[in-house]
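As provided, start18.txt (compact mmCIF, C-alpha atoms and all ligand atoms) reads as follows.
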# COMPACT_ATOMS: atom_id res chain seq x y z
CA MET A 1 12.65 23.54 0.24
CA ASP A 2 15.85 25.01 1.69
CA HIS A 3 18.28 22.09 1.46
CA ALA A 4 21.19 23.92 3.13
CA ALA A 5 19.00 24.74 6.12
CA ASP A 6 17.65 21.16 6.07
CA THR A 7 21.11 19.81 6.78
CA PHE A 8 21.04 21.56 10.13
CA ARG A 9 17.37 21.01 10.95
CA THR A 10 16.93 19.97 14.54
CA ASP A 11 13.14 20.06 14.81
CA LEU A 12 12.14 17.08 12.71
CA MET A 13 8.58 16.19 11.80
CA THR A 14 8.77 12.42 11.94
CA ILE A 15 5.88 10.38 10.61
CA THR A 16 5.02 9.31 14.17
CA ARG A 17 4.89 12.92 15.33
CA HIS A 18 2.73 13.84 12.34
CA VAL A 19 0.27 10.98 12.95
CA LEU A 20 0.06 11.88 16.65
CA ASN A 21 -0.67 15.50 15.65
CA GLU A 22 -3.43 14.27 13.36
CA GLN A 23 -4.77 12.09 16.18
CA SER A 24 -5.00 15.10 18.50
CA ARG A 25 -7.48 16.66 16.07
CA HIS A 26 -9.86 13.88 17.11
CA PRO A 27 -10.16 14.07 20.92
CA GLU A 28 -12.30 10.92 20.96
CA SER A 29 -9.51 8.90 19.34
CA ARG A 30 -7.86 6.16 21.40
CA GLY A 31 -4.76 5.98 19.23
CA ASP A 32 -5.68 2.77 17.40
CA LEU A 33 -4.98 4.18 13.94
CA THR A 34 -1.69 5.65 15.19
CA ILE A 35 -0.62 2.22 16.44
CA LEU A 36 -1.72 0.53 13.20
CA LEU A 37 0.18 3.07 11.09
CA SER A 38 3.31 2.63 13.19
CA HIS A 39 3.19 -1.10 12.41
CA ILE A 40 2.77 -0.35 8.69
CA VAL A 41 5.76 2.02 8.90
CA LEU A 42 7.79 -0.75 10.51
CA GLY A 43 6.83 -3.11 7.66
CA CYS A 44 7.92 -0.47 5.12
CA LYS A 45 11.30 -0.05 6.84
CA PHE A 46 11.83 -3.80 6.84
CA VAL A 47 10.97 -4.12 3.15
CA ALA A 48 13.11 -1.06 2.30
CA SER A 49 16.06 -2.73 3.94
CA ALA A 50 15.36 -6.05 2.16
CA VAL A 51 15.01 -4.30 -1.22
CA ASN A 52 18.32 -2.49 -0.67
CA LYS A 53 20.02 -5.77 0.10
CA ALA A 54 18.19 -7.78 -2.56
CA GLY A 55 21.09 -8.13 -5.00
CA LEU A 56 23.55 -8.86 -2.23
CA ALA A 57 21.42 -11.31 -0.32
CA LYS A 58 20.35 -13.15 -3.47
CA LEU A 59 16.74 -12.41 -2.69
CA THR A 60 15.96 -11.72 -6.33
CA GLY A 61 14.72 -14.52 -8.54
CA LEU A 62 11.74 -16.78 -8.32
CA ALA A 63 10.48 -18.35 -5.14
CA GLY A 64 8.93 -21.16 -7.15
CA GLU A 65 5.33 -20.24 -6.33
CA THR A 66 2.53 -18.64 -8.28
CA ASN A 67 0.18 -16.02 -6.83
CA VAL A 68 -3.59 -15.67 -7.39
CA GLN A 69 -3.10 -13.74 -10.62
CA GLY A 70 -1.02 -16.62 -11.97
CA GLU A 71 2.18 -14.58 -11.78
CA GLU A 72 5.38 -16.16 -10.61
CA GLN A 73 6.20 -14.88 -7.15
CA LYS A 74 9.58 -13.42 -6.43
CA LYS A 75 11.31 -14.12 -3.16
CA LEU A 76 10.95 -10.49 -2.19
CA ASP A 77 7.18 -10.62 -2.78
CA VAL A 78 6.87 -13.57 -0.46
CA LEU A 79 9.07 -11.99 2.18
CA SER A 80 7.27 -8.62 2.00
CA ASN A 81 3.90 -10.29 2.33
CA GLU A 82 5.02 -12.17 5.43
CA VAL A 83 6.47 -9.00 6.91
CA PHE A 84 3.26 -7.03 6.44
CA VAL A 85 0.93 -9.80 7.56
CA ASN A 86 2.98 -10.23 10.75
CA ALA A 87 3.23 -6.48 11.37
CA LEU A 88 -0.50 -5.95 10.84
CA VAL A 89 -1.64 -8.90 12.93
CA SER A 90 0.74 -8.06 15.77
CA SER A 91 -0.55 -4.49 15.88
CA GLY A 92 -3.68 -5.92 17.50
CA ARG A 93 -5.68 -3.35 15.52
CA THR A 94 -6.75 -5.38 12.48
CA CYS A 95 -9.51 -7.91 11.96
CA VAL A 96 -9.21 -8.64 8.22
CA LEU A 97 -6.31 -8.43 5.80
CA VAL A 98 -6.53 -8.46 2.02
CA SER A 99 -3.20 -8.98 0.28
CA GLU A 100 -2.39 -9.18 -3.40
CA GLU A 101 -0.31 -12.24 -2.60
CA ASP A 102 -2.96 -14.21 -0.74
CA GLU A 103 -5.83 -15.95 -2.50
CA LYS A 104 -8.17 -15.50 0.45
CA ALA A 105 -8.72 -12.68 2.91
CA THR A 106 -7.02 -13.32 6.27
CA PHE A 107 -9.37 -13.18 9.25
CA VAL A 108 -7.29 -12.36 12.30
CA ASP A 109 -7.52 -14.58 15.38
CA PRO A 110 -10.38 -13.13 17.49
CA LYS A 111 -8.03 -12.65 20.45
CA LEU A 112 -5.84 -10.29 18.42
CA ARG A 113 -8.58 -8.43 16.59
CA GLY A 114 -9.00 -4.69 16.23
CA LYS A 115 -11.42 -2.62 14.18
CA TYR A 116 -9.47 -2.11 10.94
CA CYS A 117 -9.33 -3.91 7.62
CA VAL A 118 -6.14 -3.33 5.63
CA CYS A 119 -5.94 -4.02 1.89
CA PHE A 120 -2.42 -4.03 0.54
CA ASP A 121 -0.05 -4.95 -2.21
CA PRO A 122 3.14 -5.71 -0.28
CA LEU A 123 5.45 -5.28 -3.27
CA ASP A 124 3.88 -3.75 -6.35
CA GLY A 125 5.85 -3.56 -9.59
CA SER A 126 7.77 -6.69 -8.71
CA SER A 127 8.62 -7.43 -12.35
CA ASN A 128 11.01 -4.47 -11.90
CA ILE A 129 12.90 -5.95 -8.94
CA ASP A 130 15.73 -7.57 -10.83
CA CYS A 131 16.71 -4.38 -12.67
CA GLY A 132 16.63 -2.13 -9.62
CA VAL A 133 13.73 0.06 -10.78
CA SER A 134 11.49 1.64 -8.12
CA ILE A 135 8.88 -0.63 -6.59
CA GLY A 136 6.54 -0.05 -3.69
CA THR A 137 3.98 -1.09 -1.09
CA ILE A 138 0.41 0.20 -1.44
CA PHE A 139 -2.17 0.13 1.36
CA GLY A 140 -5.71 1.24 2.11
CA ILE A 141 -7.44 1.13 5.50
CA TYR A 142 -11.14 0.66 6.31
CA MET A 143 -12.95 0.67 9.62
CA ILE A 144 -15.14 -2.38 10.31
CA LYS A 145 -18.34 -1.89 12.34
CA ASN A 146 -18.11 -5.07 14.36
CA GLN A 147 -14.76 -6.82 14.42
CA ASP A 148 -16.16 -9.93 16.10
CA THR A 149 -18.74 -10.66 13.42
CA VAL A 150 -16.95 -9.28 10.36
CA THR A 151 -17.73 -11.04 7.07
CA LEU A 152 -16.19 -10.91 3.62
CA GLU A 153 -19.15 -8.83 2.36
CA GLU A 154 -18.19 -6.06 4.80
CA VAL A 155 -14.71 -6.03 3.36
CA LEU A 156 -16.01 -5.35 -0.15
CA GLN A 157 -16.62 -1.67 0.52
CA PRO A 158 -16.39 1.15 -2.01
CA GLY A 159 -13.13 3.05 -1.96
CA LYS A 160 -14.85 6.21 -0.73
CA ASP A 161 -15.31 4.47 2.66
CA MET A 162 -11.55 4.21 3.22
CA ILE A 163 -10.24 6.23 6.15
CA ALA A 164 -6.56 6.25 5.21
CA ALA A 165 -4.28 5.18 2.39
CA GLY A 166 -0.69 5.41 1.36
CA TYR A 167 2.25 3.94 -0.45
CA CYS A 168 5.91 3.48 0.22
CA MET A 169 8.26 3.75 -2.75
CA TYR A 170 11.55 1.89 -2.62
CA GLY A 171 13.64 3.87 -5.08
CA SER A 172 16.74 6.03 -5.05
CA SER A 173 15.36 7.07 -1.68
CA CYS A 174 12.56 5.48 0.32
CA THR A 175 9.47 7.71 0.35
CA LEU A 176 6.24 7.10 2.22
CA VAL A 177 3.19 9.07 1.09
CA LEU A 178 0.21 9.05 3.46
CA SER A 179 -3.26 10.47 3.79
CA THR A 180 -5.56 10.02 6.76
CA GLY A 181 -8.24 12.03 4.99
CA ASN A 182 -6.79 15.45 5.72
CA GLY A 183 -4.50 16.09 2.76
CA VAL A 184 -1.43 14.19 1.62
CA ASN A 185 2.05 14.29 3.11
CA GLY A 186 5.31 12.71 1.98
CA PHE A 187 8.08 11.40 4.25
CA THR A 188 11.57 10.28 3.30
CA LEU A 189 13.43 7.60 5.23
CA ASP A 190 16.58 9.00 6.81
CA PRO A 191 18.70 5.82 6.99
CA SER A 192 20.99 7.32 9.63
CA LEU A 193 18.04 7.93 11.96
CA GLY A 194 15.86 5.03 10.81
CA GLU A 195 12.97 7.51 10.74
CA PHE A 196 10.64 8.80 8.05
CA ILE A 197 10.98 12.60 8.06
CA MET A 198 8.40 14.88 6.45
CA THR A 199 9.92 16.18 3.22
CA HIS A 200 6.79 16.82 1.15
CA PRO A 201 4.18 18.56 3.32
CA ASP A 202 0.64 19.01 2.01
CA ILE A 203 1.19 17.62 -1.49
CA LYS A 204 -1.08 19.19 -4.09
CA ILE A 205 -0.97 17.85 -7.61
CA PRO A 206 -0.13 20.63 -10.10
CA PRO A 207 -3.35 21.71 -11.84
CA LYS A 208 -1.76 21.37 -15.28
CA GLY A 209 0.67 18.65 -16.28
CA LYS A 210 2.80 18.01 -19.35
CA ILE A 211 3.18 14.25 -18.93
CA TYR A 212 1.02 11.30 -19.93
CA SER A 213 1.87 7.85 -18.62
CA VAL A 214 0.51 4.69 -20.20
CA ASN A 215 1.73 1.36 -21.58
CA GLU A 216 1.45 2.25 -25.28
CA GLY A 217 2.45 -1.29 -26.19
CA ASN A 218 -1.19 -2.17 -25.54
CA ALA A 219 -2.46 0.42 -28.06
CA LYS A 220 -3.61 -2.08 -30.66
CA ASN A 221 -6.09 -3.48 -28.14
CA TRP A 222 -7.51 -0.12 -26.95
CA ASP A 223 -10.98 1.16 -27.74
CA THR A 224 -11.39 4.21 -30.00
CA PRO A 225 -11.87 6.90 -27.28
CA THR A 226 -8.71 5.78 -25.46
CA ALA A 227 -6.70 5.66 -28.67
CA LYS A 228 -8.00 9.12 -29.64
CA TYR A 229 -7.15 10.59 -26.22
CA VAL A 230 -3.56 9.33 -26.37
CA GLU A 231 -3.25 10.50 -29.96
CA LYS A 232 -4.23 14.00 -28.78
CA CYS A 233 -1.53 13.92 -26.10
CA LYS A 234 0.97 13.46 -28.92
CA TYR A 235 -0.69 15.55 -31.63
CA PRO A 236 -2.69 18.24 -29.81
CA THR A 237 -5.25 20.00 -31.99
CA ASP A 238 -5.59 23.12 -29.83
CA GLY A 239 -2.18 24.61 -30.60
CA SER A 240 -0.64 23.44 -27.31
CA SER A 241 2.65 21.51 -27.12
CA PRO A 242 2.62 17.72 -27.19
CA LYS A 243 2.85 16.04 -23.79
CA SER A 244 5.91 14.00 -22.78
CA LEU A 245 5.54 10.26 -22.26
CA ARG A 246 6.90 8.70 -19.07
CA TYR A 247 6.09 5.11 -18.13
CA ILE A 248 7.90 3.00 -15.56
CA GLY A 249 5.46 0.08 -15.28
CA SER A 250 5.53 0.33 -11.50
CA MET A 251 2.33 2.01 -10.36
CA VAL A 252 3.83 3.50 -7.19
CA ALA A 253 6.57 5.23 -9.18
CA ASP A 254 4.25 6.36 -11.98
CA VAL A 255 1.67 7.72 -9.53
CA HIS A 256 4.34 9.36 -7.36
CA ARG A 257 5.69 11.25 -10.37
CA THR A 258 2.16 12.21 -11.39
CA LEU A 259 1.43 13.54 -7.86
CA LEU A 260 4.56 15.69 -7.85
CA TYR A 261 4.79 16.81 -11.49
CA GLY A 262 1.16 16.59 -12.61
CA GLY A 263 -0.25 15.02 -15.74
CA ILE A 264 -2.15 11.77 -16.23
CA PHE A 265 -1.44 8.11 -15.50
CA LEU A 266 -3.78 5.61 -17.07
CA TYR A 267 -4.16 1.88 -17.42
CA PRO A 268 -7.09 1.53 -19.80
CA ALA A 269 -9.16 -1.56 -20.36
CA ASP A 270 -8.25 -3.33 -23.55
CA LYS A 271 -9.25 -6.44 -25.45
CA LYS A 272 -6.85 -8.52 -23.34
CA SER A 273 -8.07 -7.11 -20.00
CA PRO A 274 -11.66 -5.93 -20.58
CA SER A 275 -11.93 -4.62 -17.00
CA GLY A 276 -8.47 -3.14 -16.88
CA LYS A 277 -5.43 -4.64 -15.21
CA LEU A 278 -5.08 -2.66 -11.99
CA ARG A 279 -6.50 -4.33 -8.89
CA VAL A 280 -9.37 -2.37 -7.39
CA MET A 281 -8.88 -2.94 -3.67
CA TYR A 282 -5.14 -2.55 -3.28
CA GLU A 283 -4.06 -0.52 -6.32
CA VAL A 284 -6.93 1.62 -7.64
CA PHE A 285 -8.61 2.58 -4.34
CA PRO A 286 -5.58 3.68 -2.29
CA MET A 287 -4.07 5.61 -5.21
CA SER A 288 -7.41 7.23 -6.06
CA PHE A 289 -7.88 8.24 -2.41
CA LEU A 290 -4.45 9.91 -2.42
CA MET A 291 -5.07 11.58 -5.79
CA GLU A 292 -8.35 13.09 -4.63
CA GLU A 293 -6.84 14.18 -1.31
CA ALA A 294 -4.08 15.91 -3.32
CA GLY A 295 -6.67 17.79 -5.39
CA GLY A 296 -6.61 15.48 -8.42
CA GLN A 297 -9.13 13.12 -9.93
CA SER A 298 -9.38 9.42 -10.53
CA PHE A 299 -11.97 7.88 -12.76
CA THR A 300 -12.83 4.56 -14.36
CA GLY A 301 -14.00 5.86 -17.71
CA LYS A 302 -17.57 5.61 -16.48
CA GLY A 303 -17.41 7.31 -13.11
CA ARG A 304 -15.43 8.09 -9.98
CA SER A 305 -13.05 5.25 -9.12
CA LEU A 306 -13.79 5.48 -5.38
CA ASP A 307 -17.49 4.76 -6.07
CA LEU A 308 -16.74 1.27 -7.39
CA ILE A 309 -18.06 -1.60 -5.28
CA PRO A 310 -15.74 -4.59 -5.56
CA THR A 311 -17.36 -8.01 -5.84
CA ASP A 312 -14.19 -9.95 -5.20
CA ILE A 313 -11.11 -9.03 -3.16
CA HIS A 314 -8.97 -9.49 -6.28
CA ASP A 315 -11.23 -7.62 -8.71
CA PRO A 316 -10.90 -7.36 -11.60
CA ARG A 317 -10.35 -11.03 -12.13
CA GLU A 318 -12.68 -13.30 -13.96
CA ILE A 319 -14.77 -15.27 -11.50
CA PRO A 320 -16.09 -18.25 -13.46
CA ASP A 321 -19.38 -18.69 -11.58
CA ILE A 322 -20.51 -15.04 -11.57
CA PRO A 323 -21.15 -13.59 -15.05
CA ARG A 324 -19.40 -10.22 -15.28
CA GLN A 325 -22.62 -8.40 -16.27
CA GLN A 326 -24.23 -9.40 -12.98
CA ARG A 327 -21.51 -7.82 -10.92
CA GLN A 328 -21.77 -4.27 -9.68
CA ARG A 329 -18.49 -2.91 -10.86
CA GLY A 330 -19.01 0.59 -12.16
CA GLY A 331 -16.35 0.94 -14.81
CA ASP A 332 -13.80 -0.63 -16.97
CA GLN A 333 -10.78 1.56 -17.27
CA GLY A 334 -8.68 3.58 -14.94
CA ALA A 335 -6.97 6.94 -14.95
CA VAL A 336 -5.59 9.21 -12.26
CA ARG A 337 -4.82 12.75 -13.18
CA GLY A 338 -4.00 16.22 -12.08
CA GLY A 339 -5.02 18.39 -14.99
P1 LIG B 401 3.88 -6.32 -11.33
O1 LIG B 401 3.81 -6.25 -9.81
O2 LIG B 401 3.54 -7.67 -11.87
O3 LIG B 401 5.17 -5.79 -11.87
O4 LIG B 401 2.69 -5.36 -11.87
C1 LIG B 401 2.74 -4.01 -11.62
C2 LIG B 401 1.44 -3.38 -11.97
O5 LIG B 401 0.37 -3.99 -11.31
C3 LIG B 401 1.44 -1.87 -11.69
O6 LIG B 401 2.32 -1.50 -10.67
C4 LIG B 401 1.83 -1.25 -13.00
O7 LIG B 401 1.28 0.02 -13.19
C5 LIG B 401 1.28 -2.22 -14.01
O8 LIG B 401 1.21 -3.49 -13.37
C6 LIG B 401 2.20 -2.35 -15.20
O9 LIG B 401 1.61 -3.22 -16.11
P2 LIG B 401 2.25 -3.45 -17.58
O10 LIG B 401 3.56 -4.13 -17.36
O11 LIG B 401 1.23 -4.28 -18.28
O12 LIG B 401 2.43 -2.09 -18.20
Can you dump the structure from the file as structure tokens?
Ligand code: AFP
Amino acid sequence: MDHAADTFRTDLMTITRHVLNEQSRHPESRGDLTILLSHIVLGCKFVASAVNKAGLAKLTGLAGETNVQGEEQKKLDVLSNEVFVNALVSSGRTCVLVSEEDEKATFVDPKLRGKYCVCFDPLDGSSNIDCGVSIGTIFGIYMIKNQDTVTLEEVLQPGKDMIAAGYCMYGSSCTLVLSTGNGVNGFTLDPSLGEFIMTHPDIKIPPKGKIYSVNEGNAKNWDTPTAKYVEKCKYPTDGSSPKSLRYIGSMVADVHRTLLYGGIFLYPADKKSPSGKLRVMYEVFPMSFLMEEAGGQSFTGKGRSLDLIPTDIHDPREIPDIPRQQRQRGGDQGAVRGG
């Protein structure tokens, strides 16, 4: 990209303009998705501003609550969740919300309902907040057949049924990456304009990558194929150079780097987490959707990640009354990759 020319660019592709362009490809569209996305964008701007001020405003630190995964919630997690729930409900385009921070799915008041279900992690990577490392919001959007009669079962759809997904990374700059099923585009927040401007059009993951990304501290609990694969990254047997290891521990940042530079990001199942750690509905599905739209792959170790059918909104978590073997989950480890 020509940065000198960029300084003087006057014809800006804002995210709103881009989404409206996409909408015009569907003449039957009534603009509902455009409105929903504009509310998500507003939520991202709000959280970006809160993250930037976190140290100053003393928003870091514990809020004194524990979320459904038993993790201590940070103040910013709580705030971000409220921001997104409010933004999504007030869009008038959602009927069900699934949030990492809420034990139960939120069924929107019938008077305010629209046809979309949004699954989201309002602030992923929150253990990184206090040290200023990149964190992000992840979201995936489904269409619901009948908003008035929607049930939880309808929400538990395979990832391949999603119609749009994205993430917003709050890092050295604030970047929103979005796909509505027609490729992947990246937008950077221009703080002076308060607008997300397209900076990464039509992202395609490089076909070959030199980076592997995994929490190797879990290696003693991995199964043999995983351990062998990672060993090969370090000690290739085909004469190629070893891969570099990069791991941030914030999925948005690790996936963002993988999208731009190529390589593989994986969070394999291990003895501690036999079904893997990453949450299917608001981590694995949206990221897998983006990876595939960018020309990459995402798989569970047994099959395509987007083919999984969740049995619980917070899968994979142990549900005491349903034996794991009786559930329909298709796999037990996760990887997204370019080449
Ligand atoms: P937190 O939100 O608790 O920081 O978890 C982040 C996350 O779900 C995902 O963003 C990371 O890829 C993964 O966990 C990191 O997990 P480890 O700390 O076990 O490597």
Exercise. What does the distance between atom CA of Lys53 of chain A and atom CA of Ile197 of chain A come to in Å, to one decimal place?
Worked result: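 Calculated distance between atom CA of Lys53 of chain A and atom CA of Ile197 of chain A is 22.0 Å.
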Using only C-alpha atoms and all ligand atoms, find each residue of chain A with at least one atom at most 8 Å away from an atom of ligand LIG 401 (chain B); report its shortest atom-to-atom pair and that distance in Å (one decimal), sort the rows by chain and rising residue number, and return the result as a tab-separated table.
residue	atom	partner	partner_atom	distance
A:Glu71	CA	B:LIG401	O2	7.0
A:Leu123	CA	B:LIG401	O1	6.8
A:Asp124	CA	B:LIG401	O1	4.3
A:Gly125	CA	B:LIG401	O3	3.3
A:Ser126	CA	B:LIG401	O1	4.1
A:Ser127	CA	B:LIG401	O3	3.8
A:Asn128	CA	B:LIG401	O3	6.0
A:Ile135	CA	B:LIG401	O6	7.8
A:Val214	CA	B:LIG401	O12	7.3
A:Asn215	CA	B:LIG401	O12	4.9
A:Asn218	CA	B:LIG401	O11	7.9
A:Ile248	CA	B:LIG401	O7	7.6
A:Gly249	CA	B:LIG401	C6	4.1
A:Ser250	CA	B:LIG401	O6	3.8
A:Met251	CA	B:LIG401	O6	3.5
A:Val252	CA	B:LIG401	O6	6.3
A:Asp254	CA	B:LIG401	O7	7.1
A:Tyr267	CA	B:LIG401	O7	7.1
A:Lys277	CA	B:LIG401	O8	7.0
A:Leu278	CA	B:LIG401	O5	5.7
A:Arg279	CA	B:LIG401	O5	7.3
A:Glu283	CA	B:LIG401	O5	7.5
First collect every listed atom of segment 106-121 of chain A; then fit an axis-aligned box around them, widen it by 6 Å on each side, and give centre and edge lengths in Å to one decimal, as JSON.
{"center_x": -5.7, "center_y": -8.3, "center_z": 9.1, "size_x": 23.4, "size_y": 24.5, "size_z": 34.7}
Exercise. Quick one: residues within 8 Å of Phe84 of chain A, only C-alpha atoms counted, chain neighbours fewer than 5 positions away excluded, as an NGL selection string?
Worked result: :A and (40 or 43 or 122)
For those residues, write C-alpha atoms to a file as a compact mmCIF listing (two decimals), in the frame of the given file.
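Listing of part.txt after writing:
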# COMPACT_ATOMS: atom_id res chain seq x y z
CA ILE A 40 2.77 -0.35 8.69
CA GLY A 43 6.83 -3.11 7.66
CA PRO A 122 3.14 -5.71 -0.28
Exercise. So how many Å separate atom CA of Gly31 of chain A and atom CA of Thr188 of chain A, to one decimal?
Worked result: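 Interatomic distance here is 23.2 Å.
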For this session: Could you please determine the separation between atom CA of Asn21 of chain A and atom CA of Thr180 of chain A in Å, to one decimal place?
Result: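 A separation of 11.5 Å between them.
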Exercise. Quick one: residues within 10 Å of Met281 of chain A, all atoms listed in the file counted, chain neighbours fewer than 3 positions away excluded, as a PyMOL selection string?
Worked result: chain A and resi 98-100+118-121+139-140+155-159+278+284-287+306+308-310+312-316
Problem set entry | Sel. within 10 Å of pt (-2.3, 10.2, -24.5), counting all atoms listed in the file, output as JSON, numbers by chain | {"A": [211, 212, 213, 214, 216, 226, 227, 228, 229, 230, 231, 232, 233, 234, 235, 236, 242, 243, 244, 245, 264, 265, 266]}
Problem set entry | Residue with smallest distance to Lys75 of chain A - pool A:Asp190, A:Asp130, A:Asp32, A:Asp161, counting all atoms listed in the file | A:Asp130
Exercise. What's the 12 Å shell around Asp148 of chain A, counting all atoms listed in the file, without same-chain residues fewer than 4 positions away, as a PyMOL selection string?
Worked result: chain A and resi 94-96+107-116+144
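Nearest to Ser298 of chain A of all the residues A:Ala269, A:Val89, A:Ala57, A:Val255 is A:Val255, counting only C-alpha atoms.
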For this session: Using all atoms listed in the file, find the one residue out of A:Ala63, A:Leu152, A:Cys168, A:Ile163 that sits nearest to Val47 of chain A.
Result: A:Cys168
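When all atoms listed in the file are used to compute distances to Arg257 of chain A, the closest of the residues A:Ile138, A:Gln297, A:Asn185, A:Met169 turns out to be A:Met169.
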Problem set entry | Long-range neighbours of Thr34 of chain A as a list of chain:residue names, 7 Å cut-off, all atoms listed in the file, 4 positions minimum in chain | A:Val19, A:Leu20, A:Ser38
